[in-house]
$ cat upload28.txt   # compact mmCIF, C-alpha atoms
# COMPACT_ATOMS: atom_id res chain seq x y z
CA MET A 926 69.61 29.14 75.13
CA LYS A 927 68.24 31.88 77.39
CA ARG A 928 67.74 34.09 74.37
CA PHE A 929 65.83 31.29 72.62
CA LYS A 930 63.56 30.82 75.64
CA SER A 931 62.94 34.56 75.78
CA LEU A 932 62.03 34.65 72.11
CA ALA A 933 59.81 31.62 72.51
CA HIS A 934 58.09 33.19 75.51
CA GLY A 935 57.59 36.42 73.57
CA ALA A 936 56.14 34.57 70.62
CA LEU A 937 53.80 32.62 72.87
CA LEU A 938 52.65 35.81 74.64
CA GLY A 939 52.11 37.48 71.30
CA ALA A 940 50.04 34.53 70.14
CA PHE A 941 47.86 34.73 73.24
CA LEU A 942 47.38 38.49 72.80
CA ALA A 943 46.57 38.07 69.14
CA ALA A 944 44.07 35.36 69.97
CA GLY A 945 42.44 37.60 72.59
CA LEU A 946 42.26 40.54 70.21
CA GLY A 947 40.95 38.25 67.53
CA ALA A 948 38.24 37.00 69.85
CA SER A 949 37.24 40.56 70.75
CA ALA A 950 37.15 41.54 67.10
CA ALA A 951 35.12 38.46 66.26
CA LEU A 952 32.68 39.25 69.07
CA ALA A 953 32.29 42.80 67.78
CA GLN A 954 31.78 41.52 64.24
CA ASP A 955 29.08 39.17 65.47
CA MET A 956 27.17 42.05 67.03
CA PRO A 957 24.66 43.88 64.88
CA LYS A 958 24.93 47.63 64.58
CA THR A 959 22.95 48.88 67.59
CA PRO A 960 22.17 52.58 68.01
CA LEU A 961 20.80 53.48 71.46
CA LYS A 962 19.22 56.55 73.02
CA VAL A 963 19.81 57.13 76.71
CA VAL A 964 18.46 59.64 79.22
CA GLY A 965 21.01 60.52 81.89
CA ALA A 966 20.73 62.17 85.30
CA TRP A 967 21.62 65.80 86.11
CA GLY A 968 23.91 67.05 83.34
CA ASN A 969 25.59 69.77 85.40
CA LEU A 970 26.93 67.35 88.02
CA THR A 971 30.18 65.38 88.04
CA GLN A 972 28.48 61.98 87.98
CA TYR A 973 27.10 62.70 84.52
CA LYS A 974 30.17 64.53 83.24
CA ASN A 975 32.76 62.04 84.53
CA PHE A 976 30.89 58.76 84.26
CA GLU A 977 27.53 58.59 82.45
CA GLN A 978 28.37 60.75 79.44
CA PRO A 979 31.78 59.24 78.59
CA PHE A 980 30.47 55.72 79.19
CA TRP A 981 27.66 56.03 76.65
CA SER A 982 29.19 58.45 74.16
CA LYS A 983 32.61 56.79 73.94
CA GLU A 984 33.40 53.75 76.12
CA ILE A 985 30.58 51.43 75.07
CA THR A 986 31.37 52.05 71.40
CA GLU A 987 35.02 51.16 71.97
CA LYS A 988 34.16 48.06 74.01
CA SER A 989 31.83 46.81 71.29
CA GLY A 990 34.29 47.43 68.47
CA GLY A 991 32.01 50.11 67.06
CA ALA A 992 28.88 47.94 67.02
CA ILE A 993 27.03 49.83 69.77
CA THR A 994 26.62 53.59 69.53
CA ALA A 995 24.65 55.73 71.92
CA GLU A 996 23.34 59.24 72.27
CA ILE A 997 22.88 60.42 75.86
CA THR A 998 20.99 63.50 77.04
CA PRO A 999 20.55 64.47 80.72
CA PHE A 1000 16.90 64.72 81.73
CA ASN A 1001 17.23 68.34 82.85
CA GLU A 1002 18.24 69.34 79.31
CA MET A 1003 15.01 67.70 78.09
CA GLY A 1004 12.93 69.95 80.33
CA LEU A 1005 12.22 67.09 82.77
CA LYS A 1006 12.57 67.16 86.57
CA GLY A 1007 13.37 63.48 87.08
CA ALA A 1008 10.13 62.17 88.58
CA GLU A 1009 8.74 61.37 85.11
CA ILE A 1010 11.55 59.10 83.91
CA PHE A 1011 10.25 55.67 84.93
CA ARG A 1012 6.68 56.53 83.92
CA LEU A 1013 7.96 57.49 80.46
CA MET A 1014 10.00 54.28 80.36
CA ARG A 1015 6.91 52.24 81.15
CA LEU A 1016 5.17 53.90 78.18
CA GLY A 1017 8.13 53.12 75.93
CA VAL A 1018 8.91 56.80 75.33
CA ILE A 1019 12.35 56.30 76.93
CA ASP A 1020 14.42 53.12 76.48
CA PHE A 1021 17.45 53.55 78.78
CA GLY A 1022 17.18 56.09 81.58
CA SER A 1023 18.49 57.26 84.96
CA THR A 1024 16.85 59.18 87.77
CA VAL A 1025 17.15 59.71 91.51
CA LEU A 1026 15.03 57.16 93.37
CA GLY A 1027 13.94 59.79 95.89
CA TYR A 1028 12.27 61.73 93.07
CA VAL A 1029 9.86 58.84 92.44
CA ALA A 1030 9.09 58.18 96.11
CA ALA A 1031 5.55 59.47 95.60
CA ASP A 1032 4.93 56.64 93.11
CA ASP A 1033 5.80 53.95 95.67
CA ALA A 1034 7.48 54.03 99.08
CA ARG A 1035 9.84 51.24 98.01
CA ASN A 1036 11.80 53.88 96.17
CA GLU A 1037 12.89 55.32 99.54
CA ALA A 1038 13.99 51.99 101.03
CA VAL A 1039 17.70 52.14 100.19
CA ASP A 1040 18.09 55.75 101.29
CA LEU A 1041 16.04 56.30 104.43
CA ALA A 1042 17.44 59.25 106.36
CA GLY A 1043 20.27 58.07 108.61
CA LEU A 1044 20.30 54.49 107.28
CA ALA A 1045 23.87 54.50 105.88
CA PRO A 1046 26.52 56.47 107.79
CA ASP A 1047 29.17 55.83 105.13
CA VAL A 1048 29.48 54.73 101.51
CA ALA A 1049 30.46 51.14 102.37
CA ALA A 1050 27.21 50.66 104.29
CA ALA A 1051 25.27 52.36 101.49
CA ARG A 1052 26.69 49.88 98.95
CA LYS A 1053 25.75 46.84 101.06
CA ILE A 1054 22.22 48.19 101.47
CA SER A 1055 21.87 48.89 97.75
CA ASP A 1056 23.15 45.46 96.71
CA ALA A 1057 20.83 43.73 99.18
CA TYR A 1058 17.75 45.52 97.86
CA LYS A 1059 18.50 45.61 94.14
CA PRO A 1060 16.72 42.27 93.44
CA VAL A 1061 13.60 43.70 95.12
CA TYR A 1062 13.65 46.70 92.79
CA ASP A 1063 14.24 44.51 89.74
CA LYS A 1064 11.23 42.31 90.60
CA PHE A 1065 8.99 45.26 91.49
CA TYR A 1066 9.84 47.33 88.42
CA GLY A 1067 9.71 44.31 86.14
CA GLU A 1068 6.21 43.36 87.25
CA ARG A 1069 4.70 46.84 87.65
CA PHE A 1070 6.51 48.95 85.07
CA GLY A 1071 7.99 46.53 82.53
CA ILE A 1072 11.44 47.86 83.41
CA LYS A 1073 14.73 46.04 83.98
CA VAL A 1074 17.12 47.46 86.59
CA LEU A 1075 20.68 47.65 85.28
CA GLY A 1076 22.46 49.60 88.01
CA ILE A 1077 22.09 51.63 91.20
CA TRP A 1078 24.72 54.14 92.30
CA PRO A 1079 25.03 57.13 94.66
CA TYR A 1080 25.92 60.77 94.59
CA SER A 1081 28.24 62.14 97.26
CA ALA A 1082 26.97 62.17 100.86
CA GLN A 1083 23.79 64.22 101.32
CA VAL A 1084 24.34 66.97 103.88
CA LEU A 1085 22.80 70.23 105.08
CA PHE A 1086 23.79 73.46 103.29
CA CYS A 1087 22.52 76.46 105.28
CA ASN A 1088 22.38 80.17 104.57
CA GLY A 1089 23.37 81.06 108.12
CA ASP A 1090 25.03 79.50 111.13
CA ILE A 1091 24.22 75.92 112.13
CA LYS A 1092 25.94 74.09 114.98
CA GLY A 1093 23.91 70.89 115.16
CA LEU A 1094 20.62 69.11 114.62
CA ALA A 1095 18.93 71.12 117.38
CA ASP A 1096 19.33 74.20 115.15
CA LEU A 1097 16.86 72.73 112.64
CA LYS A 1098 14.02 73.79 114.92
CA GLY A 1099 11.94 76.46 113.17
CA LYS A 1100 13.96 76.23 109.94
CA LYS A 1101 12.58 75.59 106.46
CA VAL A 1102 14.70 72.94 104.73
CA ARG A 1103 14.60 71.82 101.11
CA THR A 1104 14.51 68.02 101.08
CA GLY A 1105 14.81 65.80 98.03
CA ASN A 1106 12.42 63.13 99.33
CA ARG A 1107 9.77 62.41 101.96
CA THR A 1108 12.02 60.50 104.36
CA LEU A 1109 14.38 63.49 104.64
CA ALA A 1110 11.39 65.75 105.27
CA GLU A 1111 10.27 63.47 108.11
CA PHE A 1112 13.78 63.55 109.54
CA VAL A 1113 13.83 67.36 109.47
CA GLU A 1114 10.37 67.50 111.05
CA ALA A 1115 11.54 65.20 113.86
CA PHE A 1116 13.85 68.04 114.95
CA GLY A 1117 11.24 70.78 114.68
CA GLY A 1118 12.00 71.95 111.15
CA THR A 1119 9.77 72.07 108.07
CA GLY A 1120 10.55 70.04 104.96
CA VAL A 1121 10.05 71.94 101.70
CA THR A 1122 9.76 70.26 98.30
CA LEU A 1123 11.79 72.02 95.62
CA ALA A 1124 13.40 70.81 92.40
CA PHE A 1125 17.19 70.81 92.53
CA ASN A 1126 17.51 73.66 90.04
CA GLU A 1127 15.15 75.84 92.12
CA VAL A 1128 17.25 75.76 95.29
CA VAL A 1129 19.73 78.58 94.59
CA PRO A 1130 17.08 81.33 94.29
CA ALA A 1131 15.16 79.81 97.23
CA LEU A 1132 18.22 80.01 99.50
CA GLN A 1133 19.11 83.43 98.18
CA ASN A 1134 15.63 84.84 98.84
CA LYS A 1135 15.25 83.05 102.21
CA VAL A 1136 12.35 80.94 100.93
CA VAL A 1137 14.29 78.16 102.67
CA ASP A 1138 16.97 78.41 105.35
CA CYS A 1139 18.79 75.21 104.45
CA ALA A 1140 18.81 72.58 101.73
CA ILE A 1141 20.07 69.01 101.49
CA THR A 1142 22.20 67.70 98.65
CA GLY A 1143 25.52 65.97 97.95
CA THR A 1144 28.68 67.70 99.11
CA LEU A 1145 30.08 67.87 95.57
CA SER A 1146 26.69 68.26 93.88
CA GLY A 1147 26.10 71.44 95.87
CA ASN A 1148 29.49 72.74 94.79
CA SER A 1149 28.82 71.94 91.12
CA ALA A 1150 25.50 73.79 91.35
CA LYS A 1151 27.21 76.80 93.03
CA TRP A 1152 25.25 76.58 96.27
CA TYR A 1153 28.27 78.19 97.94
CA GLU A 1154 27.11 81.48 96.42
CA VAL A 1155 23.93 81.43 98.55
CA ALA A 1156 24.89 79.25 101.54
CA THR A 1157 27.49 79.85 104.22
CA HIS A 1158 27.64 76.64 106.30
CA ILE A 1159 27.68 72.87 105.72
CA TYR A 1160 26.81 70.49 108.53
CA ALA A 1161 28.99 67.47 107.74
CA LEU A 1162 26.55 64.75 108.84
CA PRO A 1163 25.71 62.26 106.03
CA LEU A 1164 21.91 61.98 105.95
CA GLY A 1165 21.73 59.85 102.81
CA TRP A 1166 23.27 59.20 99.39
CA SER A 1167 20.59 60.12 96.84
CA HIS A 1168 20.76 56.86 94.90
CA VAL A 1169 20.31 56.92 91.13
CA MET A 1170 18.70 53.94 89.40
CA HIS A 1171 19.62 53.18 85.80
CA ALA A 1172 17.16 50.97 83.95
CA VAL A 1173 15.77 49.98 80.56
CA ASN A 1174 12.35 49.34 79.12
CA LEU A 1175 11.99 45.54 79.18
CA LYS A 1176 10.46 45.23 75.69
CA SER A 1177 13.23 47.37 74.21
CA TRP A 1178 15.82 45.29 76.10
CA GLN A 1179 14.42 41.99 74.83
CA LYS A 1180 14.60 43.22 71.24
CA LEU A 1181 18.38 43.65 71.50
CA ASP A 1182 20.73 40.92 70.30
CA PRO A 1183 21.73 38.60 73.21
CA LYS A 1184 25.41 39.46 72.70
CA VAL A 1185 24.61 43.17 72.92
CA ARG A 1186 22.64 42.61 76.13
CA ALA A 1187 25.48 40.56 77.65
CA LEU A 1188 28.06 43.27 76.89
CA LEU A 1189 25.82 46.05 78.18
CA GLU A 1190 25.15 44.22 81.46
CA LYS A 1191 28.85 43.56 81.99
CA GLU A 1192 29.95 47.12 81.22
CA ILE A 1193 27.15 48.82 83.16
CA SER A 1194 28.07 46.67 86.16
CA GLY A 1195 31.62 48.00 85.82
CA LEU A 1196 30.30 51.56 85.57
CA GLU A 1197 28.29 50.97 88.75
CA ASP A 1198 31.44 49.81 90.59
CA ARG A 1199 33.40 52.85 89.45
CA ILE A 1200 30.75 55.32 90.60
CA TRP A 1201 30.49 53.65 94.01
CA LYS A 1202 34.27 53.75 94.35
CA ALA A 1203 34.28 57.45 93.49
CA ALA A 1204 31.50 58.37 95.95
CA ALA A 1205 33.76 58.55 99.03
CA GLU A 1206 36.36 60.62 97.18
CA GLU A 1207 33.70 62.96 95.79
CA THR A 1208 32.21 63.40 99.27
CA GLN A 1209 35.57 64.54 100.65
CA GLN A 1210 36.23 66.69 97.59
CA GLY A 1211 32.88 68.37 98.19
CA TYR A 1212 33.95 69.34 101.71
CA ASP A 1213 37.41 70.43 100.54
CA CYS A 1214 36.18 72.48 97.59
CA ASN A 1215 33.38 74.20 99.49
CA ALA A 1216 35.89 75.10 102.22
CA GLY A 1217 38.43 76.36 99.66
CA LYS A 1218 41.19 73.90 100.52
CA ASP A 1219 44.24 73.51 98.28
CA ASN A 1220 43.58 69.83 97.54
CA CYS A 1221 40.27 70.68 95.83
CA THR A 1222 40.55 69.23 92.30
CA MET A 1223 36.96 68.31 91.33
CA GLY A 1224 35.12 71.55 91.96
CA THR A 1225 35.33 75.26 92.64
CA LYS A 1226 37.13 76.60 95.72
CA ALA A 1227 34.63 78.45 97.89
CA LYS A 1228 34.69 79.92 101.40
CA MET A 1229 32.05 77.95 103.27
CA THR A 1230 32.32 76.85 106.91
CA ILE A 1231 32.31 73.06 107.37
CA VAL A 1232 30.76 72.34 110.78
CA PRO A 1233 32.04 69.16 112.48
CA VAL A 1234 29.53 66.63 113.83
CA SER A 1235 29.27 65.72 117.49
CA ASP A 1236 28.91 62.14 118.70
CA ALA A 1237 25.68 63.22 120.35
CA ASP A 1238 24.22 64.22 116.97
CA LYS A 1239 25.31 60.93 115.40
CA ALA A 1240 23.36 59.18 118.15
CA LEU A 1241 20.37 61.48 117.58
CA LEU A 1242 20.42 60.63 113.87
CA LYS A 1243 20.19 56.89 114.67
CA LYS A 1244 17.39 57.53 117.14
CA ALA A 1245 15.42 59.60 114.62
CA LEU A 1246 15.81 56.74 112.11
CA SER A 1247 14.52 54.05 114.45
CA ASP A 1248 11.85 56.11 116.27
CA THR A 1249 10.47 58.27 113.44
CA VAL A 1250 11.79 57.71 109.93
CA LEU A 1251 11.58 53.90 109.75
CA PRO A 1252 8.12 53.43 111.33
CA LYS A 1253 6.59 56.27 109.28
CA TRP A 1254 8.02 54.75 106.12
CA ALA A 1255 6.73 51.29 107.08
CA ALA A 1256 3.23 52.72 107.58
CA ARG A 1257 3.01 53.92 103.98
CA CYS A 1258 4.82 51.03 102.31
CA GLN A 1259 2.09 48.65 101.23
CA GLY A 1260 1.90 44.96 100.28
CA ASP A 1261 5.06 42.93 100.85
CA CYS A 1262 7.15 46.11 101.10
CA VAL A 1263 8.00 45.90 104.82
CA ALA A 1264 8.64 42.15 104.66
CA THR A 1265 11.08 42.48 101.76
CA PHE A 1266 12.88 45.31 103.56
CA ASN A 1267 13.29 43.21 106.70
CA ASP A 1268 14.51 40.22 104.67
CA SER A 1269 17.14 42.27 102.83
CA ILE A 1270 18.18 45.68 104.15
CA GLY A 1271 17.00 44.88 107.66
CA LYS A 1272 19.44 41.99 107.90
CA VAL A 1273 22.32 44.17 106.65
CA VAL A 1274 21.76 47.00 109.15
CA GLY A 1275 20.26 45.04 112.04
CA LEU A 1276 16.90 46.85 112.03
CA THR A 1277 13.32 45.64 111.75
CA ALA A 1278 10.75 47.90 110.13
CA ALA A 1279 7.26 48.02 111.60
CA ALA A 1280 4.51 50.61 111.40
CA LYS A 1281 3.51 52.24 114.69
$ encode --input "upload28.txt" --output "structure tokens"
Amino acid sequence: MKRFKSLAHGALLGAFLAAGLGASAALAQDMPKTPLKVVGAWGNLTQYKNFEQPFWSKEITEKSGGAITAEITPFNEMGLKGAEIFRLMRLGVIDFGSTVLGYVAADDARNEAVDLAGLAPDVAAARKISDAYKPVYDKFYGERFGIKVLGIWPYSAQVLFCNGDIKGLADLKGKKVRTGNRTLAEFVEAFGGTGVTLAFNEVVPALQNKVVDCAITGTLSGNSAKWYEVATHIYALPLGWSHVMHAVNLKSWQKLDPKVRALLEKEISGLEDRIWKAAAEETQQGYDCNAGKDNCTMGTKAKMTIVPVSDADKALLKKALSDTVLPKWAARCQGDCVATFNDSIGKVVGLTAAAK
């Protein structure tokens, strides 16, 4: 009797599995063949290698039963610096594309909103901030650029890499620091330093030749780009997360079959979750690899000094955010920009933006 029940249960389970597989196959058969071209973020970094590239070149094809195929190329291999991506998407030159929001801060100050210097001390706070503001980006980019936002995700924590000793924020005085966006430059200037604009791939020679004293990037990103060859110290204070926005030209999106759009939205949402989950691990791996620790598995073991952060500097970071970074940002963010920040991010972090 027990054997009969077991067989019956097995048959029933098999029927359910077969039905599920049949449904997946039917869904794939219903989808038209859909070739896509995608522009990814920095190709030499782990986010592209471990997430973006396999997602588009392999995973989405498997999930769609072969219906969707995609070619992905990182923007740096196309001779682009990242700031052009959304402008090219608006023109219809690029369909699907990713870039760092800080790179397009000059186009509109809203692009800095999720990653103001000192806003998110850890990845959990950064995720809450991003989720709260994503609808604002989707509305803004939809109306102004004809672009649909599909995902926002971070790199590892953005920290100071210096070619020389650094003990704390007070040591920024008189130093030239490469910053990836305006809000980081204003943060550096609040401590007596000078923010310098340089493309990511120009930093190594700049540090080597003392064009800059320090530069800000992700803990693991800096390791991937071999900054340890030209920098000696990391100050382990998260200043930001260098959010990447992944989006699609709205006209191109609307031309896709509804079933294709539904699958892409679902799977890109899953990709977004995976990258956020990995951000904390990659941040720690960046510290471990740059310091040459045995548990380094994601990068190259180097011999940098990781400088611990004092509670006093954590307090100074918050003060610089509220006294300098936030009001300066509010002053240049036009229209309903400040109001939407206060209604979304402001409620998450307990801050109110206002120009001074």
$ closest_residue --input "upload28.txt" --among "A:Glu1192, A:Glu1154, A:Glu1127, A:Glu1207" --to "A:Ala1227" --atoms "only C-alpha atoms"
A:Glu1154
$ atom_distance --input "upload28.txt" --atom1 "atom CA of A:Phe1021" --atom2 "atom CA of A:His1171"
7.4 Å
$ residues_around --input "upload28.txt" --residues "A:Asn1088" --least-positions-apart "3" --cutoff "9 Å" --atoms "all atoms listed in the file" --output "number ranges by chain"
A: 1091, 1132-1133, 1135, 1137-1140, 1155-1158
$ axis_aligned_box --input "upload28.txt" --around "stretch 1208-1220 of chain A" --padding-each-side "8 Å" --output "lines of an AutoDock Vina configuration file"
center_x = 38.2
center_y = 69.9
center_z = 99.9
size_x = 28.0
size_y = 29.0
size_z = 20.7
$ closest_atom_pairs --input "upload28.txt" --of "stretch 1017-1054 of chain A" --to "stretch 984-1006 of chain A" --cutoff "9 Å" --atoms "only C-alpha atoms" --output "JSON lines"
{"residue": "A:Gly1022", "atom": "CA", "partner": "A:Phe1000", "partner_atom": "CA", "distance": 8.6}
{"residue": "A:Ser1023", "atom": "CA", "partner": "A:Phe1000", "partner_atom": "CA", "distance": 8.3}
{"residue": "A:Thr1024", "atom": "CA", "partner": "A:Phe1000", "partner_atom": "CA", "distance": 8.2}
{"residue": "A:Tyr1028", "atom": "CA", "partner": "A:Lys1006", "partner_atom": "CA", "distance": 8.5}
$ write_last_selection --input "upload28.txt" --atoms "C-alpha atoms" --output "short mmCIF file (atom, residue, chain, number, x, y, z; two decimals), keeping the file's coordinate frame"
data_model
loop_
_atom_site.label_atom_id
_atom_site.label_comp_id
_atom_site.auth_asym_id
_atom_site.auth_seq_id
_atom_site.Cartn_x
_atom_site.Cartn_y
_atom_site.Cartn_z
CA GLY A 1022 17.18 56.09 81.58
CA SER A 1023 18.49 57.26 84.96
CA THR A 1024 16.85 59.18 87.77
CA TYR A 1028 12.27 61.73 93.07
#
$ residues_around --input "upload28.txt" --residues "stretch 1053-1068 of chain A" --least-positions-apart "3" --cutoff "8 Å" --atoms "only C-alpha atoms" --output "PyMOL selection string"
chain A and resi 1035+1039+1045+1049-1050+1071-1074+1077+1175+1265-1266+1269-1270+1273-1274
$ closest_residue --input "upload28.txt" --among "A:Tyr1212, A:Trp1078, A:Phe1086, A:Trp1152" --to "A:Val1048" --atoms "all atoms listed in the file"
A:Trp1078
$ atom_distance --input "upload28.txt" --atom1 "atom CA of A:Asp1268" --atom2 "atom CA of A:Ala1051"
16.5 Å
$ closest_residue --input "upload28.txt" --among "A:Met1170, A:Ala1205, A:Leu961, A:Ile1193" --to "A:Asn1036" --atoms "all atoms listed in the file"
A:Met1170
$ closest_residue --input "upload28.txt" --among "A:Glu1206, A:Phe1125, A:Leu1026, A:Gly1195" --to "A:Asn1220" --atoms "only C-alpha atoms"
A:Glu1206
$ closest_residue --input "upload28.txt" --among "A:Leu1251, A:Tyr1160, A:Ser1235, A:Lys1244" --to "A:Gly1271" --atoms "only C-alpha atoms"
A:Leu1251
$ atom_distance --input "upload28.txt" --atom1 "atom CA of A:Tyr1153" --atom2 "atom CA of A:Gly1165"
20.1 Å
$ residues_around --input "upload28.txt" --residues "A:Ile1159" --least-positions-apart "4" --cutoff "9 Å" --atoms "all atoms listed in the file" --output "list in words"
Val1084, Leu1085, Phe1086, Cys1087, Asp1090, Ile1091, Thr1144, Tyr1212, Asn1215, Met1229, Thr1230, Ile1231, Val1232 and Pro1233 of chain A
$ residues_near_point --input "upload28.txt" --point "(4.2, 47.2, 116.5)" --cutoff "12 Å" --atoms "all atoms listed in the file" --output "list of chain:residue names"
A:Asp1248, A:Pro1252, A:Lys1253, A:Ala1255, A:Ala1256, A:Thr1277, A:Ala1278, A:Ala1279, A:Ala1280, A:Lys1281
$ write_last_selection --input "upload28.txt" --atoms "C-alpha atoms" --output "mmCIF file, keeping the file's coordinate frame"
data_model
loop_
_atom_site.group_PDB
_atom_site.id
_atom_site.type_symbol
_atom_site.label_atom_id
_atom_site.label_comp_id
_atom_site.auth_asym_id
_atom_site.auth_seq_id
_atom_site.Cartn_x
_atom_site.Cartn_y
_atom_site.Cartn_z
ATOM 1 C CA ASP A 1248 11.850 56.110 116.270
ATOM 2 C CA PRO A 1252 8.120 53.430 111.330
ATOM 3 C CA LYS A 1253 6.590 56.270 109.280
ATOM 4 C CA ALA A 1255 6.730 51.290 107.080
ATOM 5 C CA ALA A 1256 3.230 52.720 107.580
ATOM 6 C CA THR A 1277 13.320 45.640 111.750
ATOM 7 C CA ALA A 1278 10.750 47.900 110.130
ATOM 8 C CA ALA A 1279 7.260 48.020 111.600
ATOM 9 C CA ALA A 1280 4.510 50.610 111.400
ATOM 10 C CA LYS A 1281 3.510 52.240 114.690
#
$ residues_around --input "upload28.txt" --residues "A:Val1025" --least-positions-apart "5" --cutoff "12 Å" --atoms "all atoms listed in the file" --output "PyMOL selection string"
chain A and resi 965-967+1000+1006-1011+1030+1036-1037+1039-1040+1076-1080+1105-1106+1124-1125+1142+1166-1172
$ closest_residue --input "upload28.txt" --among "A:Val1263, A:Leu1075, A:Val1129, A:Ala1245" --to "A:Thr1108" --atoms "all atoms listed in the file"
A:Ala1245
$ residues_near_point --input "upload28.txt" --point "(34.9, 77.8, 95.2)" --cutoff "8 Å" --atoms "all atoms listed in the file" --output "CSV table (one decimal) with C-alpha atoms, keeping the file's coordinate frame"
chain,number,residue,atom,x,y,z
A,1148,ASN,CA,29.5,72.7,94.8
A,1153,TYR,CA,28.3,78.2,97.9
A,1214,CYS,CA,36.2,72.5,97.6
A,1215,ASN,CA,33.4,74.2,99.5
A,1216,ALA,CA,35.9,75.1,102.2
A,1217,GLY,CA,38.4,76.4,99.7
A,1224,GLY,CA,35.1,71.6,92.0
A,1225,THR,CA,35.3,75.3,92.6
A,1226,LYS,CA,37.1,76.6,95.7
A,1227,ALA,CA,34.6,78.4,97.9
A,1228,LYS,CA,34.7,79.9,101.4
